[in-house]
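K.L.:
Sharing model_22.cif, mmCIF, C-alpha atoms:
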```cif
data_model
#
loop_
_atom_site.label_atom_id
_atom_site.label_comp_id
_atom_site.auth_asym_id
_atom_site.auth_seq_id
_atom_site.Cartn_x
_atom_site.Cartn_y
_atom_site.Cartn_z
CA MET A 610 -5.41 -12.68 -6.12
CA LYS A 611 -5.02 -8.91 -6.27
CA THR A 612 -4.74 -7.35 -2.82
CA ARG A 613 -6.97 -4.31 -2.45
CA LEU A 614 -5.96 -1.18 -0.56
CA LEU A 615 -8.84 0.05 1.58
CA THR A 616 -9.20 3.41 3.31
CA GLU A 617 -10.26 4.27 6.84
CA GLN A 618 -13.81 4.80 5.53
CA ASP A 619 -14.13 1.19 4.30
CA ILE A 620 -15.18 -0.24 7.66
CA ASP A 621 -18.05 -2.36 6.36
CA ALA A 622 -16.01 -3.80 3.49
CA ALA A 623 -13.16 -4.69 5.85
CA ALA A 624 -15.52 -6.31 8.36
CA ALA A 625 -17.15 -8.33 5.58
CA ILE A 626 -13.77 -9.76 4.56
CA LEU A 627 -13.24 -11.03 8.11
CA ARG A 628 -16.76 -12.44 8.47
CA ASN A 629 -16.42 -14.25 5.13
CA GLY A 630 -13.18 -16.00 6.09
CA GLY A 631 -10.77 -13.67 4.29
CA LEU A 632 -7.43 -12.18 5.31
CA LEU A 633 -7.17 -8.48 6.11
CA GLY A 634 -4.22 -6.19 6.83
CA ILE A 635 -5.11 -4.04 9.83
CA PRO A 636 -3.38 -0.96 11.24
CA THR A 637 -2.57 -0.81 14.94
CA GLU A 638 -0.57 1.56 17.11
CA THR A 639 2.30 -0.98 17.20
CA VAL A 640 2.71 -2.51 13.70
CA TYR A 641 0.36 -3.61 10.92
CA GLY A 642 -1.26 -7.00 11.54
CA LEU A 643 -2.51 -9.80 9.29
CA GLY A 644 -6.01 -10.53 10.57
CA ALA A 645 -8.60 -13.28 10.24
CA ASP A 646 -11.73 -14.32 12.14
CA GLY A 647 -10.17 -15.84 15.24
CA LEU A 648 -13.00 -18.36 15.62
CA ASN A 649 -12.70 -19.61 12.01
CA ALA A 650 -9.98 -22.27 12.03
CA ALA A 651 -9.78 -22.48 8.23
CA ALA A 652 -9.30 -18.71 7.93
CA VAL A 653 -6.63 -18.70 10.63
CA ARG A 654 -4.73 -21.48 8.84
CA ARG A 655 -4.52 -19.18 5.81
CA ILE A 656 -2.55 -16.68 7.96
CA PHE A 657 0.19 -19.27 8.43
CA THR A 658 0.23 -20.00 4.71
CA ALA A 659 0.31 -16.35 3.65
CA LYS A 660 3.18 -15.51 6.01
CA GLY A 661 5.10 -18.78 5.74
CA ARG A 662 4.76 -18.84 9.53
CA PRO A 663 5.94 -21.84 11.60
CA GLN A 664 3.01 -23.92 12.83
CA ASP A 665 4.11 -23.78 16.48
CA ASN A 666 4.12 -19.97 16.69
CA PRO A 667 0.82 -18.92 18.38
CA LEU A 668 -1.31 -15.94 17.44
CA ILE A 669 -2.94 -13.12 19.42
CA LEU A 670 -6.69 -12.46 19.55
CA HIS A 671 -7.57 -8.78 19.13
CA VAL A 672 -10.72 -7.61 20.91
CA PRO A 673 -12.39 -4.21 21.37
CA GLY A 674 -12.29 -4.18 25.16
CA ALA A 675 -12.04 -6.06 28.45
CA SER A 676 -15.73 -6.99 28.31
CA TRP A 677 -14.80 -9.59 25.65
CA LEU A 678 -12.21 -11.36 27.83
CA ASP A 679 -14.69 -13.75 29.43
CA LEU A 680 -15.90 -14.87 25.98
CA TYR A 681 -12.55 -16.48 25.13
CA CYS A 682 -10.71 -16.85 28.45
CA ARG A 683 -11.43 -18.63 31.74
CA SER A 684 -10.09 -18.34 35.29
CA ILE A 685 -9.28 -14.71 34.60
CA PRO A 686 -7.26 -13.19 37.46
CA SER A 687 -8.04 -9.76 38.85
CA ALA A 688 -4.63 -8.66 37.57
CA ALA A 689 -5.96 -8.92 34.00
CA TYR A 690 -8.71 -6.42 34.64
CA ALA A 691 -6.31 -4.12 36.50
CA LEU A 692 -3.95 -4.14 33.52
CA ALA A 693 -6.82 -3.61 31.06
CA GLU A 694 -8.04 -0.65 33.11
CA ALA A 695 -4.56 0.87 33.11
CA PHE A 696 -3.34 0.12 29.58
CA TRP A 697 -6.17 -0.90 27.19
CA PRO A 698 -6.59 0.09 24.45
CA GLY A 699 -2.84 -0.11 24.08
CA PRO A 700 0.26 -2.18 23.29
CA LEU A 701 -0.26 -4.92 25.88
CA THR A 702 -1.05 -8.61 25.28
CA MET A 703 -2.08 -10.81 28.19
CA ILE A 704 -1.64 -14.59 28.20
CA LEU A 705 -4.66 -16.21 29.87
CA ARG A 706 -6.32 -19.64 30.11
CA ARG A 707 -8.38 -20.17 26.97
CA ARG A 708 -11.91 -21.42 26.57
CA GLU A 709 -12.41 -24.63 24.62
CA HIS A 710 -14.03 -23.01 21.57
CA VAL A 711 -10.90 -20.99 20.74
CA PRO A 712 -9.43 -22.99 17.84
CA ASN A 713 -6.24 -24.95 18.45
CA VAL A 714 -4.70 -23.34 15.36
CA VAL A 715 -4.77 -19.96 17.13
CA THR A 716 -2.98 -21.26 20.23
CA CYS A 717 -0.88 -23.93 18.51
CA GLY A 718 -2.37 -26.47 20.90
CA LEU A 719 -1.58 -24.58 24.10
CA ASN A 720 -4.22 -24.23 26.82
CA THR A 721 -3.55 -20.49 26.90
CA VAL A 722 -4.29 -17.63 24.51
CA GLY A 723 -2.89 -14.14 24.06
CA VAL A 724 -5.45 -11.31 24.00
CA ARG A 725 -5.07 -7.58 23.43
CA CYS A 726 -7.12 -4.48 22.63
CA PRO A 727 -5.33 -2.40 19.97
CA LYS A 728 -5.25 1.39 20.22
CA HIS A 729 -6.29 2.25 16.68
CA PRO A 730 -9.82 3.62 16.20
CA VAL A 731 -10.26 2.18 12.71
CA THR A 732 -9.28 -1.34 13.72
CA LEU A 733 -11.51 -1.18 16.79
CA GLU A 734 -14.42 -0.18 14.54
CA ILE A 735 -13.65 -3.06 12.18
CA ILE A 736 -13.60 -5.60 15.03
CA ARG A 737 -16.90 -4.32 16.41
CA ALA A 738 -18.50 -4.33 12.94
CA ALA A 739 -17.28 -7.88 12.23
CA ASN A 740 -18.33 -8.94 15.76
CA VAL A 741 -15.54 -11.54 15.94
CA PRO A 742 -12.16 -11.57 17.67
CA VAL A 743 -9.42 -11.02 15.15
CA ALA A 744 -6.43 -13.38 15.23
CA ALA A 745 -3.45 -11.44 13.92
CA PRO A 746 0.34 -11.66 13.88
CA SER A 747 2.43 -8.90 12.31
CA GLY A 748 1.71 -8.39 8.61
CA ASN A 749 5.08 -9.36 7.12
CA LEU A 750 6.49 -12.49 5.56
CA SER A 751 7.80 -14.67 8.37
CA GLY A 752 11.25 -13.56 9.50
CA ARG A 753 11.08 -10.16 7.77
CA PRO A 754 10.96 -6.80 9.60
CA SER A 755 7.44 -5.97 10.77
CA PRO A 756 5.56 -3.36 8.70
CA THR A 757 4.86 0.04 10.23
CA CYS A 758 2.93 1.41 7.24
CA ALA A 759 0.55 0.00 4.64
CA ALA A 760 3.16 0.25 1.86
CA HIS A 761 5.57 -2.02 3.74
CA MET A 762 2.84 -4.58 4.29
CA MET A 763 1.90 -4.45 0.62
CA GLU A 764 5.53 -5.22 -0.29
CA ASP A 765 5.25 -8.55 1.52
CA MET A 766 1.57 -9.44 1.13
CA ASP A 767 0.42 -8.24 -2.29
CA GLY A 768 -1.33 -11.19 -3.95
CA ARG A 769 -1.37 -13.22 -0.74
CA ILE A 770 -4.31 -11.63 1.11
CA ASP A 771 -7.63 -9.97 0.28
CA ALA A 772 -7.03 -6.38 1.40
CA ILE A 773 -5.03 -3.99 3.56
CA VAL A 774 -6.60 -1.06 5.39
CA ASP A 775 -4.34 2.00 5.19
CA GLY A 776 -4.56 3.58 8.63
CA GLY A 777 -1.42 5.68 8.38
CA PRO A 778 1.98 5.11 10.01
CA CYS A 779 2.15 3.26 13.33
CA GLY A 780 2.82 5.47 16.32
CA VAL A 781 4.68 2.96 18.53
CA GLY A 782 6.64 0.98 15.94
CA VAL A 783 7.35 -2.27 17.84
CA GLU A 784 4.86 -5.00 18.68
CA SER A 785 2.90 -5.28 21.89
CA THR A 786 4.38 -6.26 25.21
CA ILE A 787 3.34 -9.81 26.17
CA ILE A 788 2.85 -10.80 29.81
CA ASP A 789 1.93 -14.29 31.02
CA LEU A 790 -0.68 -14.00 33.76
CA THR A 791 -0.88 -17.79 34.21
CA ALA A 792 2.60 -17.73 35.79
CA GLN A 793 3.44 -16.72 39.34
CA PRO A 794 4.82 -14.15 39.48
CA PRO A 795 3.57 -12.80 36.13
CA ARG A 796 6.24 -13.23 33.47
CA LEU A 797 7.30 -10.91 30.65
CA LEU A 798 7.48 -13.06 27.50
CA ARG A 799 8.12 -10.28 24.97
CA PRO A 800 9.11 -6.65 25.60
CA GLY A 801 7.18 -4.22 23.44
CA GLY A 802 5.38 -0.92 23.30
CA LEU A 803 4.56 -0.92 27.02
CA PRO A 804 7.68 -0.79 29.21
CA LEU A 805 8.36 -3.44 31.84
CA GLU A 806 8.53 -0.68 34.44
CA ALA A 807 4.87 0.24 33.75
CA LEU A 808 3.79 -3.36 34.34
CA ARG A 809 5.64 -3.46 37.64
CA ASP A 810 3.93 -0.24 38.72
CA VAL A 811 0.59 -2.10 38.54
CA LEU A 812 1.55 -5.68 39.41
CA GLY A 813 4.58 -5.38 41.64
CA GLU A 814 6.90 -8.28 40.89
CA VAL A 815 7.21 -9.30 37.21
CA SER A 816 9.79 -11.85 36.13
CA VAL A 817 11.51 -11.75 32.72
CA ASP A 818 11.54 -14.88 30.57
CA LYS A 819 14.97 -16.02 29.42
CA ALA A 820 13.78 -15.82 25.78
CA VAL A 821 13.78 -12.02 26.04
CA LEU A 822 17.57 -11.95 26.21
CA SER A 823 18.57 -15.27 24.60
CA PRO A 824 17.11 -17.83 22.17
CA LEU A 825 14.97 -20.76 23.26
CA ALA A 826 16.72 -24.11 23.40
CA PRO A 827 16.05 -26.67 20.65
CA GLY A 828 12.72 -28.40 21.23
CA GLU A 829 11.27 -25.72 23.53
CA LYS A 830 7.75 -24.68 22.52
CA PRO A 831 7.02 -20.93 22.44
CA LYS A 832 4.15 -19.71 24.61
CA ALA A 833 3.77 -16.43 22.74
CA PRO A 834 4.69 -14.92 19.36
CA GLY A 835 8.28 -13.91 18.81
CA MET A 836 9.86 -16.16 21.43
CA LYS A 837 11.49 -18.88 19.34
CA TYR A 838 12.40 -17.95 15.79
CA ARG A 839 14.73 -15.46 14.12
CA HIS A 840 12.60 -12.43 13.34
CA TYR A 841 12.72 -8.98 11.80
CA ALA A 842 15.75 -9.83 9.68
CA PRO A 843 16.94 -8.11 6.50
CA LYS A 844 18.70 -10.22 3.86
CA ALA A 845 22.20 -9.26 5.02
CA PRO A 846 23.43 -10.71 8.34
CA VAL A 847 23.21 -8.43 11.36
CA MET A 848 25.66 -8.05 14.24
CA VAL A 849 24.45 -6.18 17.33
CA VAL A 850 27.04 -4.17 19.22
CA ALA A 851 26.17 -3.67 22.88
CA GLY A 852 27.61 -1.24 25.38
CA GLU A 853 27.87 2.50 25.96
CA SER A 854 26.95 4.32 22.76
CA ARG A 855 30.31 6.00 22.13
CA ARG A 856 32.06 2.67 22.59
CA THR A 857 29.73 0.88 20.19
CA ALA A 858 30.20 3.60 17.56
CA ARG A 859 33.99 3.30 17.82
CA TYR A 860 33.79 -0.51 17.64
CA ILE A 861 31.71 -0.37 14.46
CA ARG A 862 34.03 2.17 12.83
CA ARG A 863 37.03 -0.08 13.47
CA HIS A 864 35.26 -3.02 11.80
CA LEU A 865 33.89 -1.41 8.64
CA GLY A 866 34.23 -3.34 5.39
CA ASP A 867 33.65 -2.52 1.74
CA HIS A 868 29.92 -3.25 1.88
CA THR A 869 29.03 -2.59 5.51
CA GLY A 870 25.66 -1.22 6.56
CA VAL A 871 25.23 0.57 9.88
CA ILE A 872 22.22 1.13 12.12
CA CYS A 873 23.16 3.87 14.55
CA PHE A 874 21.92 6.63 16.78
CA ASP A 875 21.60 10.07 15.20
CA GLU A 876 24.66 11.48 16.94
CA TYR A 877 27.00 9.05 15.19
CA LYS A 878 25.69 9.07 11.61
CA ASN A 879 28.76 10.91 10.24
CA MET A 880 31.25 8.39 11.66
CA PHE A 881 30.81 5.83 8.88
CA PRO A 882 31.82 7.37 5.52
CA GLY A 883 31.18 5.23 2.47
CA CYS A 884 28.67 3.04 4.31
CA VAL A 885 24.93 2.71 3.98
CA VAL A 886 23.72 4.27 7.24
CA GLU A 887 20.23 4.13 8.75
CA THR A 888 19.61 6.17 11.89
CA ILE A 889 16.99 5.24 14.49
CA GLY A 890 16.90 8.40 16.62
CA PRO A 891 18.98 9.95 19.40
CA ALA A 892 20.76 7.62 21.83
CA GLY A 893 18.60 8.90 24.68
CA ASP A 894 15.22 8.56 22.90
CA PRO A 895 14.04 4.92 22.93
CA GLU A 896 10.52 5.95 21.87
CA GLU A 897 11.87 7.31 18.59
CA GLN A 898 14.13 4.27 18.21
CA ALA A 899 11.08 2.02 18.51
CA ARG A 900 9.27 3.95 15.78
CA ARG A 901 12.20 3.68 13.37
CA VAL A 902 13.95 0.36 14.02
CA PHE A 903 11.88 -1.79 11.63
CA ASP A 904 12.05 0.82 8.88
CA ALA A 905 15.83 0.85 9.25
CA LEU A 906 16.12 -2.94 9.05
CA ARG A 907 13.85 -3.10 6.00
CA ALA A 908 15.73 -0.31 4.16
CA PHE A 909 18.90 -2.38 3.73
CA ASP A 910 17.25 -4.84 1.36
CA GLY A 911 17.41 -2.21 -1.38
CA THR A 912 21.17 -1.68 -0.95
CA ASP A 913 24.43 -3.56 -1.56
CA ALA A 914 25.08 -4.06 2.16
CA ALA A 915 26.70 -7.45 2.74
CA GLU A 916 26.75 -7.10 6.52
CA ILE A 917 25.04 -4.81 9.03
CA PHE A 918 26.30 -3.55 12.38
CA ALA A 919 23.71 -2.14 14.79
CA GLN A 920 24.17 -0.03 17.89
CA CYS A 921 22.15 -1.49 20.74
CA PRO A 922 20.21 0.65 23.24
CA ALA A 923 20.27 -0.03 26.96
CA ASN A 924 17.74 -2.48 28.43
CA ALA A 925 15.55 0.15 30.08
CA GLY A 926 12.10 1.46 29.14
CA LEU A 927 11.34 0.91 25.45
CA GLY A 928 15.06 0.35 24.93
CA LEU A 929 14.51 -3.25 26.11
CA ALA A 930 12.06 -3.81 23.24
CA VAL A 931 14.32 -2.19 20.62
CA ALA A 932 17.31 -4.20 21.83
CA ASN A 933 15.23 -7.39 21.69
CA ARG A 934 14.16 -6.73 18.08
CA LEU A 935 17.71 -6.02 16.97
CA LYS A 936 19.01 -9.15 18.69
CA LYS A 937 16.25 -11.25 17.12
CA ALA A 938 17.15 -9.81 13.70
CA ALA A 939 20.75 -10.82 14.38
CA GLY A 940 19.87 -14.32 15.55
CA PHE A 941 21.33 -13.22 18.92
CA HIS A 942 24.74 -12.56 17.38
CA VAL A 943 25.84 -9.90 19.87
CA VAL A 944 29.26 -8.51 20.68
CA GLU A 945 30.12 -6.32 23.69
CA ALA A 946 32.12 -3.26 22.64
CA VAL A 947 35.43 -2.77 24.36
CA ASP A 948 36.62 0.85 24.49
CA VAL A 949 40.20 1.21 23.26
CA GLY A 950 39.85 4.98 22.65
CA GLY A 951 41.69 6.93 19.99
CA ASP A 952 38.72 7.95 17.85
CA GLY A 953 38.17 11.42 19.19
CA LEU A 954 34.81 10.82 20.87
#
```
Could you show the structure in this file as C-alpha cells?
P.N.:
Amino acid sequence: MKTRLLTEQDIDAAAAILRNGGLLGIPTETVYGLGADGLNAAAVRRIFTAKGRPQDNPLILHVPGASWLDLYCRSIPSAAYALAEAFWPGPLTMILRRREHVPNVVTCGLNTVGVRCPKHPVTLEIIRAANVPVAAPSGNLSGRPSPTCAAHMMEDMDGRIDAIVDGGPCGVGVESTIIDLTAQPPRLLRPGGLPLEALRDVLGEVSVDKAVLSPLAPGEKPKAPGMKYRHYAPKAPVMVVAGESRRTARYIRRHLGDHTGVICFDEYKNMFPGCVVETIGPAGDPEEQARRVFDALRAFDGTDAAEIFAQCPANAGLGLAVANRLKKAAGFHVVEAVDVGGDGL
C-alpha cells in the first residue's frame, strides 16, 4: 500500500476513505490522529494493527459537536454539556457511559467511551462529510512520539494506511485532556491541551488520577488512552530531571557522558557543549514547551545519543501535560535535582 498525501481541499476523498472502511491521518489542534469509522469494528481493528497498539488501550471518538453526544453516549450529566459549551471545539475528551452500538473494539470492552470535538476546521468538515464518528488515537507507531505535522506521521505510517491529510503544524502540540465524568468527583485521567485549572473553573472539584504522576500497577486496565503504557519514547533511554530549572540544568551538566542528549529550556542551551541539544522553549512558557516537546523527542532518533536527560517543567497549567509526556517517555524514570551550586548560575 502506498499512503497518499491529501490536501485541505480533498474533503470528499478523505470522507470516502472513512466511509469505505479505510484508515486516514487527520490533523487536529493537538496532534495528528489515525482515524477510522468509529462504528465499523473491522476498520477500527486495523488501527491497532497499523500502530502496533496494545488491545486494551481504548480509543477516542471524534465528533463535530455536542449534538452528537446523545448518539453514542447515555446518562449524560449536565457537566458534559457545560464543558462542551466552554471548551468545544478544543483539546478536551470526556469519558461518558457508552451506548450499546459503539463497538467493543473502540472501548476495549469498557462500558464507557471517550468523546471529543477537535478544533481543526478541515477535520470537522471531514467528519461531517463522512457522517460517522471517527475513532482515532495519535498517528504514530505505538510508543513513539506523537506526530505534530504530516511529515512526522508519514515517517511512521507510510505504507500502513490509506492517506494522510496535511493540515499544517499542530497548534497545541500535546494530546487532549481527558476527564472522567462517570466518577464523582470528576477525575483527570490525562493532562493535555486544556489545563486542569480550566476544568476546575467550570466543575469545581476535580480529582487527579494516580496514573498522571505514576505508572499503573500490573494488571490494572486503562480507562483512557495513555494511562498504562510507555509512550512518546525515542530509541535512546530518557531520564527526567525534576526541580527548579537552574538546579536541573546543573544536575544534567554534572552527569554528561560521551553520547548524551539533552532536552532543555532555551535559557540553558549553551550549558551542554559537545551534546546533542533540543530546546523546548523558555522555562516560563509551558504553551511553547507543549508545541515542541514531541518534536524534540523525535529528533534524537537521527543522532548518536545513547542517553537523554530532560528538564521537567513544574506541574502547573500546560506544564503538567508536558511533564507527563516526558515522564511517560522515560518510563517514569525521574530524578529530583539536588542543588550543590558551583556552576555559576
K.L.:
State, in Å with one decimal place, the distance from atom CA of A:Ala744 to atom CA of A:Asn629.
P.N.:
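Interatomic distance, atom CA of A:Ala744 to atom CA of A:Asn629: 14.2 Å.
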K.L.:
Quick one: of A:Val783, A:Ala659, A:Leu808, A:Ala858, who's nearest to A:Leu927, counting all atoms listed in the file?
P.N.:
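Of A:Val783, A:Ala659, A:Leu808, A:Ala858, the one nearest A:Leu927, counting all atoms listed in the file, is A:Val783.
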K.L.:
Counting all atoms listed in the file, which residue out of A:Lys937, A:Arg809, A:Arg725, A:His864 sits closest to A:Gly752?
P.N.:
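Nearest to A:Gly752: A:Lys937.
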K.L.:
Once 6 Å is added on each side, what centre and edge lengths in Å to one decimal does the axis-aligned box around all listed atoms of stretch 702-708 of chain A have, as AutoDock Vina command-line options?
P.N.:
```
--center_x -6.5 --center_y -15.0 --center_z 27.7 --size_x 22.9 --size_y 24.8 --size_z 16.8
```
K.L.:
Taking only C-alpha atoms into account, name the residue in A:Ala899, A:Ala695, A:Ser854, A:Ile917 that is nearest to A:Thr869.
P.N.:
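Among the listed residues, A:Ile917 lies closest to A:Thr869.
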K.L.:
Nearest residue to A:Val847 out of A:Gly883, A:Leu797, A:Val871, A:Ser684, using all atoms listed in the file?
P.N.:
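Checking each candidate against A:Val847, we get A:Val871 as the closest.
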K.L.:
Please write all heavy atoms of stretch 690-701 of chain A, from the structure given just now, as a compact mmCIF listing (two decimals), in the first residue's frame.
P.N.:
```txt
# COMPACT_ATOMS: atom_id res chain seq x y z
N TYR A 690 -22.32 18.90 29.06
CA TYR A 690 -22.75 19.99 28.19
C TYR A 690 -22.13 21.32 28.62
O TYR A 690 -21.84 22.18 27.77
CB TYR A 690 -24.27 20.06 28.19
CG TYR A 690 -24.89 18.87 27.49
CD1 TYR A 690 -25.50 17.86 28.22
CD2 TYR A 690 -24.85 18.74 26.11
CE1 TYR A 690 -26.06 16.74 27.59
CE2 TYR A 690 -25.40 17.64 25.46
CZ TYR A 690 -26.00 16.65 26.21
OH TYR A 690 -26.53 15.55 25.58
N ALA A 691 -21.92 21.49 29.92
CA ALA A 691 -21.25 22.70 30.39
C ALA A 691 -19.82 22.76 29.88
O ALA A 691 -19.34 23.81 29.43
CB ALA A 691 -21.28 22.76 31.92
N LEU A 692 -19.13 21.63 29.92
CA LEU A 692 -17.75 21.59 29.42
C LEU A 692 -17.71 21.78 27.91
O LEU A 692 -16.84 22.48 27.39
CB LEU A 692 -17.10 20.26 29.79
CG LEU A 692 -16.75 20.07 31.27
CD1 LEU A 692 -16.28 18.64 31.52
CD2 LEU A 692 -15.68 21.06 31.72
N ALA A 693 -18.66 21.17 27.19
CA ALA A 693 -18.70 21.33 25.74
C ALA A 693 -18.95 22.79 25.37
O ALA A 693 -18.34 23.32 24.43
CB ALA A 693 -19.78 20.43 25.14
N GLU A 694 -19.85 23.44 26.11
CA GLU A 694 -20.14 24.85 25.85
C GLU A 694 -18.89 25.71 26.07
O GLU A 694 -18.62 26.66 25.32
CB GLU A 694 -21.26 25.32 26.77
CG GLU A 694 -21.59 26.80 26.68
CD GLU A 694 -22.20 27.21 25.35
OE1 GLU A 694 -22.78 26.34 24.66
OE2 GLU A 694 -22.12 28.41 25.00
N ALA A 695 -18.10 25.36 27.08
CA ALA A 695 -16.94 26.17 27.42
C ALA A 695 -15.72 25.87 26.55
O ALA A 695 -14.96 26.79 26.22
CB ALA A 695 -16.57 25.94 28.89
N PHE A 696 -15.54 24.59 26.13
CA PHE A 696 -14.24 24.21 25.57
C PHE A 696 -14.28 23.48 24.23
O PHE A 696 -13.23 23.17 23.68
CB PHE A 696 -13.49 23.32 26.58
CG PHE A 696 -13.30 23.97 27.92
CD1 PHE A 696 -13.82 23.39 29.07
CD2 PHE A 696 -12.60 25.16 28.03
CE1 PHE A 696 -13.64 23.98 30.31
CE2 PHE A 696 -12.41 25.76 29.27
CZ PHE A 696 -12.93 25.17 30.41
N TRP A 697 -15.45 23.19 23.69
CA TRP A 697 -15.53 22.53 22.38
C TRP A 697 -15.88 23.54 21.30
O TRP A 697 -16.71 24.42 21.54
CB TRP A 697 -16.59 21.43 22.40
CG TRP A 697 -16.12 20.11 22.91
CD1 TRP A 697 -14.94 19.82 23.53
CD2 TRP A 697 -16.86 18.88 22.87
NE1 TRP A 697 -14.90 18.50 23.87
CE2 TRP A 697 -16.06 17.89 23.47
CE3 TRP A 697 -18.11 18.52 22.38
CZ2 TRP A 697 -16.48 16.57 23.60
CZ3 TRP A 697 -18.53 17.21 22.50
CH2 TRP A 697 -17.71 16.24 23.11
N PRO A 698 -15.33 23.42 20.10
CA PRO A 698 -14.22 22.53 19.74
C PRO A 698 -12.96 22.88 20.53
O PRO A 698 -12.68 24.05 20.78
CB PRO A 698 -14.01 22.78 18.25
CG PRO A 698 -15.23 23.49 17.77
CD PRO A 698 -15.73 24.26 18.95
N GLY A 699 -12.20 21.84 20.87
CA GLY A 699 -10.99 22.09 21.64
C GLY A 699 -10.39 20.82 22.19
O GLY A 699 -10.94 19.72 22.03
N PRO A 700 -9.26 20.94 22.90
CA PRO A 700 -8.48 19.78 23.33
C PRO A 700 -8.99 19.12 24.61
O PRO A 700 -8.26 18.98 25.60
CB PRO A 700 -7.08 20.36 23.51
CG PRO A 700 -7.33 21.78 23.95
CD PRO A 700 -8.56 22.21 23.19
N LEU A 701 -10.26 18.74 24.61
CA LEU A 701 -10.88 18.11 25.78
C LEU A 701 -11.63 16.86 25.37
O LEU A 701 -12.52 16.91 24.50
CB LEU A 701 -11.84 19.08 26.48
CG LEU A 701 -12.63 18.46 27.64
CD1 LEU A 701 -11.69 18.09 28.79
CD2 LEU A 701 -13.73 19.40 28.12
```
